[in-house]
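Undergrad: The structure is given below, and queries will be raised subsequently.
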Amino acid sequence: MHRDVLERFPAGDPRGSWRAEEFARARRDEGTPAEVVMDLESDHFLVVVPQQARESAS
């Protein structure tokens with residue numbers, strides 16, 4: 001499954017994943033099915049949208 005990355009947040013941030021979760025929640029409130037995943041290689045929390053969901057929303 002392909003995912004589009006909407007935003008990246010450093011995992012070392014003092015608030016941890018909170019900023020990513022808040023951003024994803026705001027996108028969901030707008031109707032975009034955003035979710036937060038952890039990219040271990042880059043040490044970032046990513047807010048992503050599945051490609052299929054993004055195409056359906058257009």
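Ordering of the structure tokens sets the chain letters (A, B, ...); residue numbers start at 1 within each chain; ligands are numbered from 1 in the order shown.
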As a list in words, please: the residues near Arg27 in chain A (cut-off 12 Å, only C-alpha atoms, same-chain neighbours under 4 positions excluded).

TA: Leu6, Glu7, Ala20, Glu21, Glu22, Phe23, Gly31, Thr32, Pro33, Ala34, Glu35, Val36, Val47, Val48, Val49 and Arg54 of chain A

Undergrad: Residues of chain A in strand (DSSP E or B) according to DSSP, as a count of residues only?

TA: 20

Undergrad: For CA of Ala26 in chain A and CA of Ala11 in chain A, determine how far apart the two atoms are, in Å to one decimal place.

TA: 19.5 Å

Undergrad: Please identify the helix (DSSP H, G or I) residues within chain A (assignment by DSSP from backbone atoms) and present them as a list in words.

TA: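 The helix (DSSP H, G or I) subset of chain A is Trp18, Arg19, Ala20, Glu21, Glu22, Phe23, Ala24, Arg25, Ala26, Arg27, Arg28, Asp29, Gln51, Gln52, Ala53, Arg54, Glu55, Ser56 and Ala57 of chain A.
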
Undergrad: Near Leu40 in chain A, within 12 Å and counting only C-alpha atoms, which residues show up once chain neighbours fewer than 5 positions away are dropped, as a list in words?

TA: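 Counting only the stated atoms, we get Pro10, Ala11, Gly12, Phe45 and Leu46 of chain A.
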
Undergrad: I need the residues from that last selection saved to file as a PDB file, in the first residue's frame (with C-alpha atoms), if you can.

TA:
```
ATOM      1  CA  PRO A  10      11.032  14.571  14.918  1.00  0.00           C
ATOM      2  CA  ALA A  11      10.715  11.738  17.414  1.00  0.00           C
ATOM      3  CA  GLY A  12      13.180  13.531  19.700  1.00  0.00           C
ATOM      4  CA  PHE A  45       6.654  10.475  13.296  1.00  0.00           C
ATOM      5  CA  LEU A  46       4.925  10.729   9.935  1.00  0.00           C
TER       6      LEU A  46
END
```

Undergrad: Measure the distance from CA of Asp43 in chain A to CA of Gly16 in chain A in Å and round it to one decimal.

TA: 11.1 Å

Undergrad: Please measure the separation of CA of Ala24 in chain A and CA of Ser42 in chain A, giving the value in Å to one decimal.

TA: 19.0 Å

Undergrad: With distances taken over only C-alpha atoms, which of A:His44, A:Arg15, A:Asp29, A:Val37 is nearest to Arg3 in chain A?

TA: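 For Arg3 in chain A, the nearest of the candidates is A:Val37.
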